[in-house]
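A.B. asks: Following this message is one structure expressed as structure tokens.
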Amino acid sequence: MYTQDYYSIEWARQGNNVCKVDLYAPHSALFDGLNVILAQYEKCSLPPLRRAALKRVYDLILTEDDNTDFQDLGPVNKMMNFIVRWHVDGPESDAFKRHRRRRADFMWLGKEGMMMTGTNGSQLWDIAFISQAIVESGLAAEEPNRASCVKALEWLDQAQIKGNTMHFGKDYRHQSKGAWPFSTPAQSYTVSDCTAEGLKAVLYLQEHLECVLQTFHTRPARNSDEFSSFTPKLISKQRMCDAVDVMLSLQNSDGGFASYELIRGPQWLELLNPAEVFGT
Amino acid sequence: MVYLPMSYLYGSRFKAKETDLILSLREVRTYAMIPLISTEFVSSGIVYPGLLFDRVGQAG
């Protein structure tokens with residue numbers, strides 16, 4: 001959407017043209033200076049260096065596509081990775097077709113028209129809290145709700161990420177074995193609070209429900225394992241320990257817990273932060 | 001993650017063919033002039049209409 005004649009825009013001068021209310025982290029003078037130098041370099045880039053850099057970048061794009069089953073971290077890099085794969089691999093390639101199929105995961109129709117979500121949903125987040133609420137309220141202990149509780153537990157069983165990413169070790173990704181993601185396991189990104197809520201929901205449905213049944217039921221159990229077998233034991237103790245391990249692995253040296261990955265770079269890297277629109 | 005494909009597309013000087021659709025997007029317009037939901041879209045009842053990106057992709 002352009003408010004002035006497109007052909008009159010001086011693109012090189014737009015680097016710091018950001019609406020004031022969106023300017024959370026202004027560029028540093030160092031970053032602006034480097035931009036000027038790099039813009040000059042772009043006019044005479046060294047072909048072998050450029051080829052090697054593009055190859056390296058393409059490999060990392062391919063890694064991200066593989067790791068996330070073509071969903072990528074979010075729709076922003078997903079759509080641009082899609083263009084790259086179309087450009088490099090071509091419209092007949094398997095990569096292009098898989099990207100095209102995954103695009104629908106982010107789209108939904110609201111009353112204002114076609115909308116786009118930040119991930120392919122919030123399935124784990126929703127089911128974890130629903131599960132905790134039905135157990136805490138006592139509703140889970142009622143026989144008509146048993147089938148739903150078992151289904152929620154079965155879903156949580158399938159949603160836990162069972163291993164690390166396909167390119168683990170070369171993809172700069174945090175361990176994901178044992179984690180619960182925000183949406184579905186194919187998306188593959190570890191999230192510490194989602195892992196916590198997922199594990200809590202499993203503990204509630206699989207272990208704690210027995211105590212709830214003893215409290216809420218007006219009659220004693222018909223046989224010794226009636227309450228303990230109300231829901232099946234689908235998630236092994238080892239897998240719960242894996243979830244705890246991944247949560248502990250996300251503690252930074254300052255004591256805080258990271259959401260996706262640990263702090264990896266020094267503070268001064270903020271001087272080279274190109275994004276103005278995110279507050280830190 | 002976002003800068004990877006941005007770097008690739010800029011570094012390789014990727015360019016899409018200038019189609020009528022792309023050229024029309026460059027026209028000066030104010031926010032108020034844009035029909036955010038076209039009446040055609042609402043009355044058609046289509047659940048998954050052709051996306052802008054589809055049309056750009058097909059043209060390229």
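Scheme for the structure tokens: letters A, B, ... for chains in order shown; per-chain residue numbers from 1; ligand numbers from 1 in order shown.
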Using only C-alpha atoms, I'd like every residue of chain B that has an atom within 7 Å of chain A; please write them out as a VMD selection string.

C.D. replies: chain B and resid 1 to 2 4 to 5 8 to 9 25 to 30 37

A.B. asks: For the residues in the current selection, export C-alpha atoms as a JSON list (two decimals), in the first residue's frame.

C.D. replies:
[["chain", "number", "residue", "atom", "x", "y", "z"],
["B", 1, "MET", "CA", 15.00, -17.31, 10.74],
["B", 2, "VAL", "CA", 13.31, -14.46, 8.91],
["B", 4, "LEU", "CA", 17.64, -16.30, 6.07],
["B", 5, "PRO", "CA", 15.14, -16.19, 3.18],
["B", 8, "TYR", "CA", 18.78, -15.32, 0.00],
["B", 9, "LEU", "CA", 16.21, -13.40, -2.06],
["B", 25, "LEU", "CA", -0.61, -2.85, -6.06],
["B", 26, "ARG", "CA", 1.76, 0.06, -6.70],
["B", 27, "GLU", "CA", -1.01, 2.52, -7.33],
["B", 28, "VAL", "CA", -1.34, 5.26, -4.73],
["B", 29, "ARG", "CA", -4.33, 4.64, -2.51],
["B", 30, "THR", "CA", -5.50, 5.54, 0.96],
["B", 37, "ILE", "CA", -13.77, -7.60, 2.21]]

A.B. asks: Residues at most 9 Å from Gln71 (chain A), counting only C-alpha atoms, excluding those fewer than 2 positions away in the same chain, as an MDAnalysis selection string?

C.D. replies: chainID A and resid 64:65 67:69 73:75 78 99 102:103 105:106 119:120 186:187

A.B. asks: For the residues in the current selection, export N, CA and C atoms as a short mmCIF file (atom, residue, chain, number, x, y, z; two decimals), in the first residue's frame.

C.D. replies:
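part-v8.cif written:
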data_model
loop_
_atom_site.label_atom_id
_atom_site.label_comp_id
_atom_site.auth_asym_id
_atom_site.auth_seq_id
_atom_site.Cartn_x
_atom_site.Cartn_y
_atom_site.Cartn_z
N GLU A 64 15.55 -25.88 8.05
CA GLU A 64 14.36 -25.41 8.76
C GLU A 64 13.09 -26.04 8.17
N ASP A 65 13.01 -26.14 6.84
CA ASP A 65 11.85 -26.76 6.19
C ASP A 65 11.73 -28.23 6.61
N ASN A 67 13.02 -29.74 9.29
CA ASN A 67 12.78 -29.89 10.73
C ASN A 67 11.33 -29.67 11.13
N THR A 68 10.63 -28.82 10.39
CA THR A 68 9.29 -28.38 10.80
C THR A 68 8.20 -28.91 9.87
N ASP A 69 8.54 -29.86 9.03
CA ASP A 69 7.60 -30.37 8.03
C ASP A 69 6.99 -29.22 7.22
N LEU A 73 9.17 -21.65 11.51
CA LEU A 73 8.94 -21.04 12.81
C LEU A 73 7.60 -20.29 12.86
N GLY A 74 7.22 -19.70 11.76
CA GLY A 74 5.95 -18.97 11.69
C GLY A 74 5.65 -18.67 10.23
N PRO A 75 4.48 -18.08 9.96
CA PRO A 75 4.12 -17.86 8.56
C PRO A 75 5.02 -16.87 7.83
N LYS A 78 7.95 -18.86 6.73
CA LYS A 78 7.39 -19.95 5.91
C LYS A 78 7.11 -19.46 4.48
N HIS A 99 5.39 -27.34 0.67
CA HIS A 99 5.20 -25.97 1.18
C HIS A 99 3.79 -25.49 0.86
N ARG A 102 1.14 -27.02 3.18
CA ARG A 102 1.21 -26.54 4.55
C ARG A 102 0.65 -25.12 4.73
N ARG A 103 0.58 -24.38 3.62
CA ARG A 103 0.12 -23.00 3.69
C ARG A 103 -1.27 -22.89 4.32
N ASP A 105 -2.51 -24.47 6.69
CA ASP A 105 -2.51 -24.59 8.15
C ASP A 105 -2.61 -23.24 8.85
N PHE A 106 -2.15 -22.18 8.19
CA PHE A 106 -2.09 -20.87 8.84
C PHE A 106 -3.33 -20.01 8.55
N THR A 119 1.05 -19.62 14.29
CA THR A 119 1.48 -21.02 14.17
C THR A 119 0.30 -21.78 13.57
N ASN A 120 0.45 -23.08 13.41
CA ASN A 120 -0.65 -23.86 12.82
C ASN A 120 -1.75 -24.15 13.85
N ALA A 186 4.78 -31.83 14.82
CA ALA A 186 5.48 -31.63 13.55
C ALA A 186 6.12 -30.26 13.49
N GLN A 187 5.50 -29.28 14.15
CA GLN A 187 6.05 -27.91 14.15
C GLN A 187 7.43 -27.92 14.82
#

A.B. asks: Quick one: pick out all helix (DSSP H, G or I) residues within region 65-148 of chain A from a backbone DSSP run and write them as JSON, numbers by chain.

C.D. replies: {"A": [65, 66, 67, 75, 76, 77, 78, 79, 80, 81, 82, 83, 84, 85, 86, 87, 88, 89, 94, 95, 96, 97, 98, 99, 100, 101, 102, 103, 104, 105, 106, 123, 124, 125, 126, 127, 128, 129, 130, 131, 132, 133, 134, 135, 136, 139, 140, 141, 143, 144, 145, 146, 147, 148]}

A.B. asks: Which polymer residues have any atom within 7 Å of an atom of Trp180 (chain A), counting only C-alpha atoms, with same-chain residues fewer than 6 positions away left out, as a PDB file with C-alpha atoms, in the first residue's frame?

C.D. replies:
ATOM      1  CA  ALA A 159       1.689 -34.462  20.954  1.00  0.00           C
ATOM      2  CA  GLN A 160       4.833 -34.954  23.038  1.00  0.00           C
ATOM      3  CA  ILE A 161       7.934 -34.596  20.853  1.00  0.00           C
ATOM      4  CA  THR A 190      10.388 -26.649  22.090  1.00  0.00           C
ATOM      5  CA  VAL A 191       8.518 -24.232  24.354  1.00  0.00           C
ATOM      6  CA  CYS A 194       3.982 -25.465  26.914  1.00  0.00           C
ATOM      7  CA  THR A 195       6.087 -28.394  28.112  1.00  0.00           C
ATOM      8  CA  GLY A 198       1.488 -30.422  28.863  1.00  0.00           C
TER       9      GLY A 198
END

A.B. asks: Within 10 Å of Asp126 (chain A), counting only C-alpha atoms, which residues show up once you throw out same-chain ones fewer than 2 positions away? Write them as a short mmCIF file (atom, residue, chain, number, x, y, z; two decimals) with N, CA and C atoms, in the first residue's frame, please.

C.D. replies:
data_model
loop_
_atom_site.label_atom_id
_atom_site.label_comp_id
_atom_site.auth_asym_id
_atom_site.auth_seq_id
_atom_site.Cartn_x
_atom_site.Cartn_y
_atom_site.Cartn_z
N GLY A 121 -1.84 -23.36 14.87
CA GLY A 121 -2.89 -23.50 15.87
C GLY A 121 -2.34 -23.34 17.26
N SER A 122 -3.19 -23.61 18.27
CA SER A 122 -2.76 -23.53 19.67
C SER A 122 -3.25 -24.78 20.38
N GLN A 123 -3.19 -25.91 19.68
CA GLN A 123 -3.81 -27.16 20.16
C GLN A 123 -3.33 -27.59 21.55
N LEU A 124 -2.01 -27.64 21.73
CA LEU A 124 -1.49 -28.11 23.03
C LEU A 124 -1.92 -27.17 24.15
N ALA A 128 -4.21 -28.58 27.12
CA ALA A 128 -3.58 -28.66 28.44
C ALA A 128 -4.45 -27.94 29.49
N PHE A 129 -4.91 -26.75 29.16
CA PHE A 129 -5.71 -26.00 30.14
C PHE A 129 -7.11 -26.59 30.32
N ILE A 130 -7.70 -27.08 29.22
CA ILE A 130 -9.02 -27.72 29.34
C ILE A 130 -8.90 -28.93 30.26
N SER A 131 -7.84 -29.73 30.05
CA SER A 131 -7.65 -30.94 30.85
C SER A 131 -7.50 -30.59 32.33
N PHE A 182 3.75 -25.72 21.22
CA PHE A 182 2.57 -24.87 21.39
C PHE A 182 1.38 -25.44 20.61
N SER A 183 1.67 -26.00 19.44
CA SER A 183 0.57 -26.52 18.61
C SER A 183 0.67 -28.04 18.46
N GLU A 197 2.91 -27.06 30.94
CA GLU A 197 1.45 -27.24 30.96
C GLU A 197 1.06 -28.61 30.43
N GLY A 198 1.76 -29.09 29.42
CA GLY A 198 1.49 -30.42 28.86
C GLY A 198 1.75 -31.50 29.90
#

A.B. asks: So that I can check the surroundings of region 162-170 of chain A, please list as a list of chain:residue names every protein, DNA and RNA residue that reaches within 9 Å of it, counting only C-alpha atoms and ignoring chain neighbours fewer than 2 positions away.

C.D. replies: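 After dropping sequence-adjacent residues, the list is A:Leu60, A:Thr63, A:Glu64, A:Asp66, A:Asn67, A:Thr68, A:Gln158, A:Ala159, A:Gln160, A:Tyr172, A:Arg173, A:His174, A:Gln175, A:Ser176, A:Lys177, A:Gly178, A:Ala179, A:Pro185, A:Ser188, A:Tyr189, A:Arg239.
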
A.B. asks: For C-alpha atoms, I'd like the residues from the last selection saved as a PDB file, in the first residue's frame.

C.D. replies:
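Wrote again25.pdb, looks like this:
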ATOM      1  CA  LEU A  60      19.861 -23.499   6.520  1.00  0.00           C
ATOM      2  CA  THR A  63      17.154 -27.537   7.312  1.00  0.00           C
ATOM      3  CA  GLU A  64      14.357 -25.406   8.764  1.00  0.00           C
ATOM      4  CA  ASP A  66      12.846 -30.365   6.962  1.00  0.00           C
ATOM      5  CA  ASN A  67      12.784 -29.893  10.734  1.00  0.00           C
ATOM      6  CA  THR A  68       9.293 -28.385  10.797  1.00  0.00           C
ATOM      7  CA  GLN A 158       0.794 -38.154  20.600  1.00  0.00           C
ATOM      8  CA  ALA A 159       1.689 -34.462  20.954  1.00  0.00           C
ATOM      9  CA  GLN A 160       4.833 -34.954  23.038  1.00  0.00           C
ATOM     10  CA  TYR A 172      21.288 -24.335  15.935  1.00  0.00           C
ATOM     11  CA  ARG A 173      18.154 -25.778  17.540  1.00  0.00           C
ATOM     12  CA  HIS A 174      17.594 -26.488  21.221  1.00  0.00           C
ATOM     13  CA  GLN A 175      16.853 -30.084  22.202  1.00  0.00           C
ATOM     14  CA  SER A 176      13.203 -31.004  21.648  1.00  0.00           C
ATOM     15  CA  LYS A 177      13.137 -34.581  22.948  1.00  0.00           C
ATOM     16  CA  GLY A 178      10.537 -34.715  25.715  1.00  0.00           C
ATOM     17  CA  ALA A 179       9.040 -31.278  25.009  1.00  0.00           C
ATOM     18  CA  PRO A 185       4.720 -31.987  17.287  1.00  0.00           C
ATOM     19  CA  SER A 188       8.900 -29.177  16.355  1.00  0.00           C
ATOM     20  CA  TYR A 189       9.795 -26.075  18.379  1.00  0.00           C
ATOM     21  CA  ARG A 239       8.932 -39.669  29.090  1.00  0.00           C
TER      22      ARG A 239
END
